[in-house]
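Trainee: Contents of work.pdb (PDB, C-alpha atoms, pLDDT in the B column) are below:
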```pdb
ATOM      1  CA  MET A  16      60.028  -0.668  33.447  1.00 52.00           C
ATOM      2  CA  ASN A  17      63.077  -2.451  32.037  1.00 61.00           C
ATOM      3  CA  ASN A  18      60.998  -5.578  31.385  1.00 72.00           C
ATOM      4  CA  CYS A  19      58.266  -3.668  29.493  1.00 81.00           C
ATOM      5  CA  LEU A  20      59.236  -4.902  26.045  1.00 83.00           C
ATOM      6  CA  VAL A  21      57.453  -3.571  22.981  1.00 86.00           C
ATOM      7  CA  LEU A  22      55.178  -6.187  21.407  1.00 85.00           C
ATOM      8  CA  GLN A  23      54.478  -4.297  18.196  1.00 87.00           C
ATOM      9  CA  LYS A  24      55.178  -5.982  14.852  1.00 89.00           C
ATOM     10  CA  SER A  25      55.039  -4.936  11.214  1.00 91.00           C
ATOM     11  CA  LEU A  26      51.953  -5.957   9.208  1.00 90.00           C
ATOM     12  CA  ALA A  27      52.992  -6.935   5.693  1.00 94.00           C
ATOM     13  CA  TRP A  28      50.633  -7.808   2.848  1.00 91.00           C
ATOM     14  CA  CYS A  29      51.530  -9.003  -0.628  1.00 94.00           C
ATOM     15  CA  GLN A  30      49.521  -7.092  -3.217  1.00 94.00           C
ATOM     16  CA  GLY A  31      47.124  -9.377  -5.046  1.00 93.00           C
ATOM     17  CA  THR A  32      46.789 -11.855  -2.192  1.00 92.00           C
ATOM     18  CA  PRO A  33      43.126 -12.900  -2.031  1.00 92.00           C
ATOM     19  CA  GLU A  34      41.413 -12.248   1.304  1.00 92.00           C
ATOM     20  CA  LEU A  35      38.198 -14.248   1.190  1.00 93.00           C
ATOM     21  CA  PRO A  36      35.355 -12.708   3.218  1.00 95.00           C
ATOM     22  CA  GLY A  37      32.732 -14.470   5.271  1.00 96.00           C
ATOM     23  CA  ILE A  38      32.339 -17.608   7.359  1.00 97.00           C
ATOM     24  CA  LYS A  39      31.409 -21.146   6.337  1.00 96.00           C
ATOM     25  CA  ARG A  40      27.973 -22.656   6.754  1.00 96.00           C
ATOM     26  CA  ARG A  41      28.427 -24.715   9.930  1.00 97.00           C
ATOM     27  CA  ALA A  42      29.133 -23.167  13.325  1.00 97.00           C
ATOM     28  CA  TYR A  43      29.649 -25.032  16.609  1.00 98.00           C
ATOM     29  CA  TYR A  44      28.700 -23.985  20.125  1.00 98.00           C
ATOM     30  CA  ILE A  45      28.573 -25.302  23.688  1.00 98.00           C
ATOM     31  CA  SER A  46      27.561 -24.037  27.103  1.00 97.00           C
ATOM     32  CA  LYS A  47      30.546 -22.919  29.165  1.00 98.00           C
ATOM     33  CA  SER A  48      29.210 -25.030  32.030  1.00 97.00           C
ATOM     34  CA  GLU A  49      30.177 -28.116  29.984  1.00 97.00           C
ATOM     35  CA  ILE A  50      33.819 -27.038  29.699  1.00 98.00           C
ATOM     36  CA  VAL A  51      36.206 -28.511  32.279  1.00 98.00           C
ATOM     37  CA  LYS A  52      39.391 -26.854  31.016  1.00 97.00           C
ATOM     38  CA  TRP A  53      39.939 -24.048  28.517  1.00 97.00           C
ATOM     39  CA  PRO A  54      42.771 -23.676  26.029  1.00 96.00           C
ATOM     40  CA  THR A  55      44.898 -20.659  26.876  1.00 95.00           C
ATOM     41  CA  LEU A  56      46.237 -17.545  25.211  1.00 95.00           C
ATOM     42  CA  PRO A  57      49.932 -16.899  25.956  1.00 94.00           C
ATOM     43  CA  HIS A  58      50.730 -13.815  28.071  1.00 92.00           C
ATOM     44  CA  ASP A  59      53.955 -12.075  29.019  1.00 90.00           C
ATOM     45  CA  ASP A  60      55.008 -11.178  32.566  1.00 88.00           C
ATOM     46  CA  ASN A  61      52.971  -7.968  32.330  1.00 88.00           C
ATOM     47  CA  GLY A  62      49.773  -9.829  31.456  1.00 89.00           C
ATOM     48  CA  ARG A  63      49.762  -8.774  27.809  1.00 89.00           C
ATOM     49  CA  VAL A  64      48.532 -11.270  25.202  1.00 91.00           C
ATOM     50  CA  THR A  65      51.482 -12.251  22.986  1.00 90.00           C
ATOM     51  CA  SER A  66      49.583 -14.419  20.482  1.00 92.00           C
ATOM     52  CA  CYS A  67      46.025 -14.632  19.190  1.00 95.00           C
ATOM     53  CA  VAL A  68      46.267 -18.431  18.831  1.00 95.00           C
ATOM     54  CA  TYR A  69      44.879 -20.622  21.608  1.00 96.00           C
ATOM     55  CA  GLN A  70      47.205 -23.268  23.017  1.00 95.00           C
ATOM     56  CA  GLY A  71      45.625 -26.639  23.830  1.00 95.00           C
ATOM     57  CA  SER A  72      42.108 -27.970  23.322  1.00 96.00           C
ATOM     58  CA  PHE A  73      38.769 -27.621  25.080  1.00 97.00           C
ATOM     59  CA  THR A  74      38.368 -30.335  27.705  1.00 97.00           C
ATOM     60  CA  LEU A  75      34.681 -31.157  28.138  1.00 97.00           C
ATOM     61  CA  LYS A  76      32.669 -32.988  30.768  1.00 97.00           C
ATOM     62  CA  SER A  77      31.996 -36.651  30.173  1.00 94.00           C
ATOM     63  CA  ASP A  78      29.491 -37.121  27.308  1.00 94.00           C
ATOM     64  CA  ALA A  79      29.425 -33.359  26.567  1.00 97.00           C
ATOM     65  CA  THR A  80      29.816 -32.351  22.920  1.00 97.00           C
ATOM     66  CA  PHE A  81      29.776 -29.257  20.741  1.00 98.00           C
ATOM     67  CA  LYS A  82      26.448 -28.818  18.930  1.00 97.00           C
ATOM     68  CA  TYR A  83      26.209 -27.351  15.446  1.00 97.00           C
ATOM     69  CA  ILE A  84      24.165 -24.679  13.706  1.00 97.00           C
ATOM     70  CA  ASP A  85      23.880 -24.586   9.916  1.00 97.00           C
ATOM     71  CA  VAL A  86      23.612 -21.020   8.634  1.00 97.00           C
ATOM     72  CA  LEU A  87      23.163 -18.984   5.473  1.00 97.00           C
ATOM     73  CA  VAL A  88      26.685 -17.760   4.773  1.00 96.00           C
ATOM     74  CA  ASP A  89      25.545 -14.721   2.783  1.00 96.00           C
ATOM     75  CA  LYS A  90      23.704 -13.394   5.841  1.00 96.00           C
ATOM     76  CA  SER A  91      26.034 -14.485   8.656  1.00 98.00           C
ATOM     77  CA  GLN A  92      28.975 -12.436   9.878  1.00 97.00           C
ATOM     78  CA  LEU A  93      31.747 -12.131  12.466  1.00 98.00           C
ATOM     79  CA  THR A  94      33.046  -8.686  13.462  1.00 98.00           C
ATOM     80  CA  SER A  95      35.205  -7.267  16.242  1.00 97.00           C
ATOM     81  CA  GLU A  96      35.673  -3.767  17.669  1.00 97.00           C
ATOM     82  CA  SER A  97      37.525  -2.153  20.549  1.00 96.00           C
ATOM     83  CA  GLN A  98      35.597  -1.107  23.634  1.00 96.00           C
ATOM     84  CA  GLY A  99      36.351   0.684  26.911  1.00 95.00           C
ATOM     85  CA  GLU A 100      39.114   3.136  27.789  1.00 94.00           C
ATOM     86  CA  ALA A 101      42.876   2.726  28.186  1.00 93.00           C
ATOM     87  CA  PRO A 102      44.406   0.948  29.993  1.00 92.00           C
ATOM     88  CA  SER A 103      41.380  -1.373  30.168  1.00 93.00           C
ATOM     89  CA  GLN A 104      40.384  -1.642  26.514  1.00 95.00           C
ATOM     90  CA  THR A 105      39.099  -5.008  25.329  1.00 96.00           C
ATOM     91  CA  GLN A 106      37.590  -6.359  22.128  1.00 97.00           C
ATOM     92  CA  LEU A 107      33.860  -6.871  21.622  1.00 98.00           C
ATOM     93  CA  ASN A 108      33.399  -9.786  19.237  1.00 98.00           C
ATOM     94  CA  LYS A 109      30.018  -9.894  17.499  1.00 98.00           C
ATOM     95  CA  LEU A 110      28.675 -12.941  15.670  1.00 98.00           C
ATOM     96  CA  THR A 111      25.482 -13.101  13.620  1.00 98.00           C
ATOM     97  CA  LEU A 112      24.262 -16.560  12.582  1.00 98.00           C
ATOM     98  CA  LEU A 113      21.203 -16.729  10.341  1.00 98.00           C
ATOM     99  CA  HIS A 114      19.525 -20.137  10.285  1.00 98.00           C
ATOM    100  CA  PRO A 115      16.800 -20.444   7.628  1.00 96.00           C
ATOM    101  CA  SER A 116      14.351 -22.655   9.523  1.00 96.00           C
ATOM    102  CA  VAL A 117      11.577 -21.460  11.861  1.00 96.00           C
ATOM    103  CA  GLY A 118      10.389 -24.940  12.815  1.00 96.00           C
ATOM    104  CA  SER A 119      10.047 -26.303  16.330  1.00 96.00           C
ATOM    105  CA  GLU A 120      13.738 -27.188  16.670  1.00 95.00           C
ATOM    106  CA  ALA A 121      14.871 -23.733  15.562  1.00 96.00           C
ATOM    107  CA  THR A 122      12.236 -22.075  17.729  1.00 96.00           C
ATOM    108  CA  ALA A 123      13.430 -24.015  20.783  1.00 96.00           C
ATOM    109  CA  ALA A 124      16.856 -22.415  20.360  1.00 94.00           C
ATOM    110  CA  SER A 125      15.543 -19.270  22.020  1.00 93.00           C
ATOM    111  CA  ALA A 126      14.833 -21.263  25.182  1.00 93.00           C
ATOM    112  CA  TYR A 127      18.361 -22.608  25.633  1.00 93.00           C
ATOM    113  CA  LEU A 128      20.418 -19.818  24.031  1.00 96.00           C
ATOM    114  CA  ASN A 129      18.748 -16.792  25.618  1.00 95.00           C
ATOM    115  CA  ASN A 130      20.267 -16.156  29.061  1.00 93.00           C
ATOM    116  CA  GLY A 131      22.869 -18.875  28.483  1.00 94.00           C
ATOM    117  CA  ASP A 132      26.649 -18.386  28.656  1.00 97.00           C
ATOM    118  CA  ASN A 133      28.077 -20.097  25.584  1.00 98.00           C
ATOM    119  CA  VAL A 134      31.166 -20.267  23.397  1.00 98.00           C
ATOM    120  CA  PHE A 135      30.948 -20.427  19.591  1.00 98.00           C
ATOM    121  CA  LEU A 136      33.390 -21.717  16.972  1.00 98.00           C
ATOM    122  CA  VAL A 137      33.195 -20.571  13.349  1.00 97.00           C
ATOM    123  CA  GLU A 138      35.414 -21.246  10.352  1.00 96.00           C
ATOM    124  CA  ASP A 139      36.537 -18.541   7.964  1.00 95.00           C
ATOM    125  CA  MET A 140      36.974 -19.071   4.238  1.00 95.00           C
ATOM    126  CA  LYS A 141      40.664 -19.888   4.677  1.00 93.00           C
ATOM    127  CA  GLY A 142      39.908 -22.735   7.064  1.00 93.00           C
ATOM    128  CA  ASN A 143      40.830 -20.932  10.296  1.00 95.00           C
ATOM    129  CA  ILE A 144      38.690 -21.660  13.353  1.00 96.00           C
ATOM    130  CA  ARG A 145      37.774 -18.523  15.320  1.00 97.00           C
ATOM    131  CA  VAL A 146      36.432 -18.471  18.897  1.00 98.00           C
ATOM    132  CA  VAL A 147      33.665 -16.164  20.125  1.00 98.00           C
ATOM    133  CA  GLY A 148      33.395 -16.247  23.916  1.00 98.00           C
ATOM    134  CA  CYS A 149      36.018 -16.707  26.633  1.00 97.00           C
ATOM    135  CA  ASP A 150      36.346 -17.842  30.238  1.00 96.00           C
ATOM    136  CA  LYS A 151      36.743 -14.325  31.648  1.00 96.00           C
ATOM    137  CA  TRP A 152      33.496 -12.608  30.613  1.00 97.00           C
ATOM    138  CA  ILE A 153      29.898 -13.710  30.044  1.00 97.00           C
ATOM    139  CA  THR A 154      28.757 -14.218  26.459  1.00 98.00           C
ATOM    140  CA  LYS A 155      25.442 -12.592  25.555  1.00 98.00           C
ATOM    141  CA  THR A 156      23.307 -14.570  23.116  1.00 98.00           C
ATOM    142  CA  THR A 157      19.918 -13.477  21.772  1.00 97.00           C
ATOM    143  CA  VAL A 158      17.555 -15.106  19.293  1.00 97.00           C
ATOM    144  CA  ALA A 159      15.206 -13.364  16.838  1.00 97.00           C
ATOM    145  CA  GLN A 160      12.735 -15.073  14.527  1.00 97.00           C
ATOM    146  CA  ASP A 161      10.958 -13.945  11.374  1.00 96.00           C
ATOM    147  CA  LEU A 162       8.208 -16.041   9.766  1.00 96.00           C
ATOM    148  CA  GLY A 163       8.301 -13.899   6.642  1.00 94.00           C
ATOM    149  CA  GLN A 164       5.627 -11.847   4.954  1.00 93.00           C
ATOM    150  CA  GLY A 165       3.521 -12.756   1.962  1.00 92.00           C
ATOM    151  CA  ALA A 166       4.279 -15.283  -0.748  1.00 91.00           C
ATOM    152  CA  THR A 167       7.752 -13.896  -1.436  1.00 90.00           C
ATOM    153  CA  GLY A 168       8.850 -13.366   2.174  1.00 91.00           C
ATOM    154  CA  THR A 169      11.824 -15.070   3.811  1.00 93.00           C
ATOM    155  CA  THR A 170      11.866 -17.044   7.057  1.00 96.00           C
ATOM    156  CA  SER A 171      14.798 -16.920   9.460  1.00 96.00           C
ATOM    157  CA  THR A 172      16.008 -17.610  12.972  1.00 97.00           C
ATOM    158  CA  THR A 173      18.817 -15.169  13.756  1.00 98.00           C
ATOM    159  CA  ILE A 174      21.262 -15.811  16.584  1.00 98.00           C
ATOM    160  CA  ASN A 175      23.214 -12.737  17.715  1.00 98.00           C
ATOM    161  CA  VAL A 176      26.264 -13.187  19.931  1.00 98.00           C
ATOM    162  CA  GLU A 177      28.297 -10.537  21.769  1.00 98.00           C
ATOM    163  CA  ALA A 178      31.420 -11.586  23.637  1.00 98.00           C
ATOM    164  CA  THR A 179      34.167  -9.549  25.273  1.00 98.00           C
ATOM    165  CA  ASP A 180      37.690 -10.906  24.864  1.00 97.00           C
ATOM    166  CA  GLU A 181      41.302  -9.823  25.145  1.00 96.00           C
ATOM    167  CA  CYS A 182      41.766  -9.908  21.380  1.00 95.00           C
ATOM    168  CA  ALA A 183      39.666 -10.151  18.243  1.00 96.00           C
ATOM    169  CA  ALA A 184      38.096 -13.651  17.963  1.00 97.00           C
ATOM    170  CA  PRO A 185      41.133 -15.814  18.802  1.00 97.00           C
ATOM    171  CA  PHE A 186      42.238 -18.642  16.522  1.00 97.00           C
ATOM    172  CA  TYR A 187      41.765 -22.265  17.644  1.00 97.00           C
ATOM    173  CA  LYS A 188      43.756 -25.263  16.418  1.00 96.00           C
ATOM    174  CA  GLY A 189      42.586 -27.854  18.939  1.00 96.00           C
ATOM    175  CA  ASP A 190      40.157 -30.767  18.726  1.00 96.00           C
ATOM    176  CA  ILE A 191      36.409 -30.214  18.445  1.00 97.00           C
ATOM    177  CA  ILE A 192      34.379 -32.945  20.158  1.00 96.00           C
ATOM    178  CA  THR A 193      31.007 -33.096  18.398  1.00 96.00           C
ATOM    179  CA  GLU A 194      27.972 -35.357  18.648  1.00 93.00           C
ATOM    180  CA  ASP A 195      29.164 -36.992  15.394  1.00 92.00           C
ATOM    181  CA  GLY A 196      32.727 -37.608  16.548  1.00 92.00           C
ATOM    182  CA  THR A 197      35.950 -35.717  17.219  1.00 92.00           C
ATOM    183  CA  ILE A 198      37.259 -33.312  14.592  1.00 92.00           C
ATOM    184  CA  LYS A 199      41.008 -33.494  14.953  1.00 85.00           C
ATOM    185  CA  GLY A 200      42.965 -30.271  15.156  1.00 76.00           C
ATOM    186  CA  THR A 201      46.646 -29.600  14.608  1.00 64.00           C
ATOM    187  CA  ASP A 202      49.231 -29.142  17.352  1.00 51.00           C
ATOM    188  CA  ASN A 203      48.686 -25.895  19.200  1.00 40.00           C
ATOM    189  CA  THR A 204      52.065 -24.249  19.209  1.00 42.00           C
ATOM    190  CA  PRO A 205      51.625 -20.588  18.186  1.00 43.00           C
ATOM    191  CA  SER A 206      52.910 -19.854  14.703  1.00 48.00           C
ATOM    192  CA  SER A 207      53.593 -16.539  13.043  1.00 45.00           C
ATOM    193  CA  GLY A 208      53.125 -18.069   9.615  1.00 42.00           C
ATOM    194  CA  SER A 209      50.012 -19.266   7.873  1.00 40.00           C
ATOM    195  CA  GLY A 210      48.751 -22.786   7.914  1.00 40.00           C
ATOM    196  CA  SER A 211      45.713 -24.942   8.198  1.00 39.00           C
ATOM    197  CA  SER A 212      43.819 -24.575  11.429  1.00 38.00           C
ATOM    198  CA  SER A 213      42.446 -28.075  11.461  1.00 40.00           C
ATOM    199  CA  SER A 214      43.247 -31.443  10.008  1.00 38.00           C
ATOM    200  CA  SER A 215      40.973 -33.558   7.862  1.00 38.00           C
ATOM    201  CA  SER A 216      42.703 -36.776   8.834  1.00 38.00           C
ATOM    202  CA  GLY A 217      41.013 -38.522  11.769  1.00 40.00           C
ATOM    203  CA  SER A 218      38.649 -41.464  11.460  1.00 40.00           C
ATOM    204  CA  ASN A 219      36.053 -39.818  13.683  1.00 44.00           C
ATOM    205  CA  LYS A 220      35.545 -36.803  11.463  1.00 44.00           C
ATOM    206  CA  PRO A 221      31.808 -36.169  10.876  1.00 45.00           C
ATOM    207  CA  LYS A 222      30.599 -36.791   7.347  1.00 45.00           C
ATOM    208  CA  PRO A 223      29.940 -33.446   5.673  1.00 50.00           C
ATOM    209  CA  SER A 224      27.047 -32.842   3.351  1.00 46.00           C
ATOM    210  CA  ASP A 225      27.713 -32.065  -0.289  1.00 47.00           C
ATOM    211  CA  ASP A 226      27.856 -28.327   0.357  1.00 49.00           C
ATOM    212  CA  ASP A 227      29.289 -28.557   3.858  1.00 50.00           C
ATOM    213  CA  LYS A 228      33.003 -29.248   3.572  1.00 47.00           C
ATOM    214  CA  GLU A 229      34.268 -27.048   6.387  1.00 50.00           C
ATOM    215  CA  PHE A 230      35.701 -28.266   9.695  1.00 53.00           C
TER     216      PHE A 230
END
```
Go ahead and render the structure in this file as structure tokens.
Mentor:
Amino acid sequence: MNNCLVLQKSLAWCQGTPELPGIKRRAYYISKSEIVKWPTLPHDDNGRVTSCVYQGSFTLKSDATFKYIDVLVDKSQLTSESQGEAPSQTQLNKLTLLHPSVGSEATAASAYLNNGDNVFLVEDMKGNIRVVGCDKWITKTTVAQDLGQGATGTTSTTINVEATDECAAPFYKGDIITEDGTIKGTDNTPSSGSGSSSSSSGSNKPKPSDDDKEF
């Protein structure tokens, strides 16, 4: 066991540092069948994850792109919790995306998201891209719809995602190929410091709406 080095690190926090909750209003997703090559999480010789930051970018099939879902940020959420027993514990990442429409396009989402194995990308309020879904385990996606009740009711299409992973919703700094163009990421060398998870430079960046400045 001489090579079983301890991976533990101190967790510092400067009092008064703002930690902004929530995710931004546009999420991206794609079927895993459209992914040719995955970015990777670094591991040591014992198979332990040494960084929560993916290295590399998603390589997609020709003409494949990430699709987007616009959500209500006040009712959408990303959480993660441990599951299983030692030494086989993993993380269960749970994503709730609430889309306000119940029209035909939103209703059709149940047909292609239910029973599908997908990966989702969401952006937190600090601009970090987080990944829900990995290449090792199947992602479970379910869709619920509510047409509201009475004159003051609220309509919604809710997409619930559960995905097992080796760590809590890994960070992603690679490119995101969308139907509107490629969103350029930064280089993907793991960093212990903070920093932007994606770059806004890139001529192919999709045009955001007035209230959609993420990614």
Trainee: If you measure from atom CA of Pro115 of chain A to atom CA of Ser171 of chain A, what distance in Å do you get, rounded to one decimal?
Mentor: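 Atom-to-atom, atom CA of Pro115 of chain A to atom CA of Ser171 of chain A, that is 4.4 Å.
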Trainee: Need to verify the contact set: Asp59 of chain A, 10 Å, all atoms listed in the file, exclusion of same-chain residues closer than 4 positions in sequence. Can you return it as a ChimeraX atom specification?
Mentor: /A:18-20,22,63-66
Trainee: Report the residues retrieved by the PyMOL selection byres ((chain A and resi 34-36) around 10) from the displayed file, expressed as a list in words.
Mentor: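 Selected by the PyMOL selection byres ((chain A and resi 34-36) around 10) here: Gly31, Thr32, Pro33, Gly37, Ile38, Lys39, Gln92, Leu93, Asp139, Met140 and Lys141 of chain A.
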Trainee: Work out how far apart atom CA of Gln106 of chain A and atom CA of Phe135 of chain A are and give it in Å to one decimal.
Mentor: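 Distance between the two atoms: 15.8 Å.
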Trainee: Please determine, counting only C-alpha atoms, which residue among A:Gly131, A:Gly62, A:Gly142, A:Pro102 has the shortest atom-to-atom distance to Arg41 of chain A.
Mentor: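 Counting only C-alpha atoms, the residue closest to Arg41 of chain A is A:Gly142.
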Trainee: Spell out the residues picked by the PyMOL selection byres ((chain A and resi 122-130) around 9) here, as a count of residues only.
Mentor: 18
Trainee: Evaluated on this file, the PyMOL selection byres ((chain A and resi 136) around 12) picks out some residues - which ones are they, written as a ChimeraX atom specification?
Mentor: /A:38-46,73,81-84,93,110,112,133-135,137-139,142-149,176,184-193,229-230
Trainee: Report, as JSON, the axis-aligned box around all atoms of segment 17-25 of chain A present in the file, extended by 8 Å on each side; give centre and edge lengths in Å to one decimal place.
Mentor:
```
{"center_x": 58.8, "center_y": -4.3, "center_z": 21.6, "size_x": 24.6, "size_y": 19.7, "size_z": 36.8}
```
Trainee: In Å, rounded to a single decimal, give me how far atom CA of Leu56 of chain A is from atom CA of Glu181 of chain A.
Mentor: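 According to the coordinates, atom CA of Glu181 of chain A and atom CA of Leu56 of chain A are separated by 9.2 Å.
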Trainee: Could you tell me which of A:His114, A:Gln104, A:Lys151, A:Ser72 comes closest to Val88 of chain A if we count all atoms listed in the file?
Mentor: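 The closest residue to Val88 of chain A is A:His114.
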Trainee: Looking at A:Asp89, A:Glu49, A:Glu194, A:Asp180, which one is nearest to Thr74 of chain A, with distances taken over all atoms listed in the file?
Mentor: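 Comparing A:Asp89, A:Glu49, A:Glu194, A:Asp180 against Thr74 of chain A, the winner is A:Glu49.
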Trainee: Looking at A:Lys199, A:Lys24, A:Lys109, A:Lys47, which one is nearest to Ala79 of chain A, with distances taken over all atoms listed in the file?
Mentor: A:Lys47
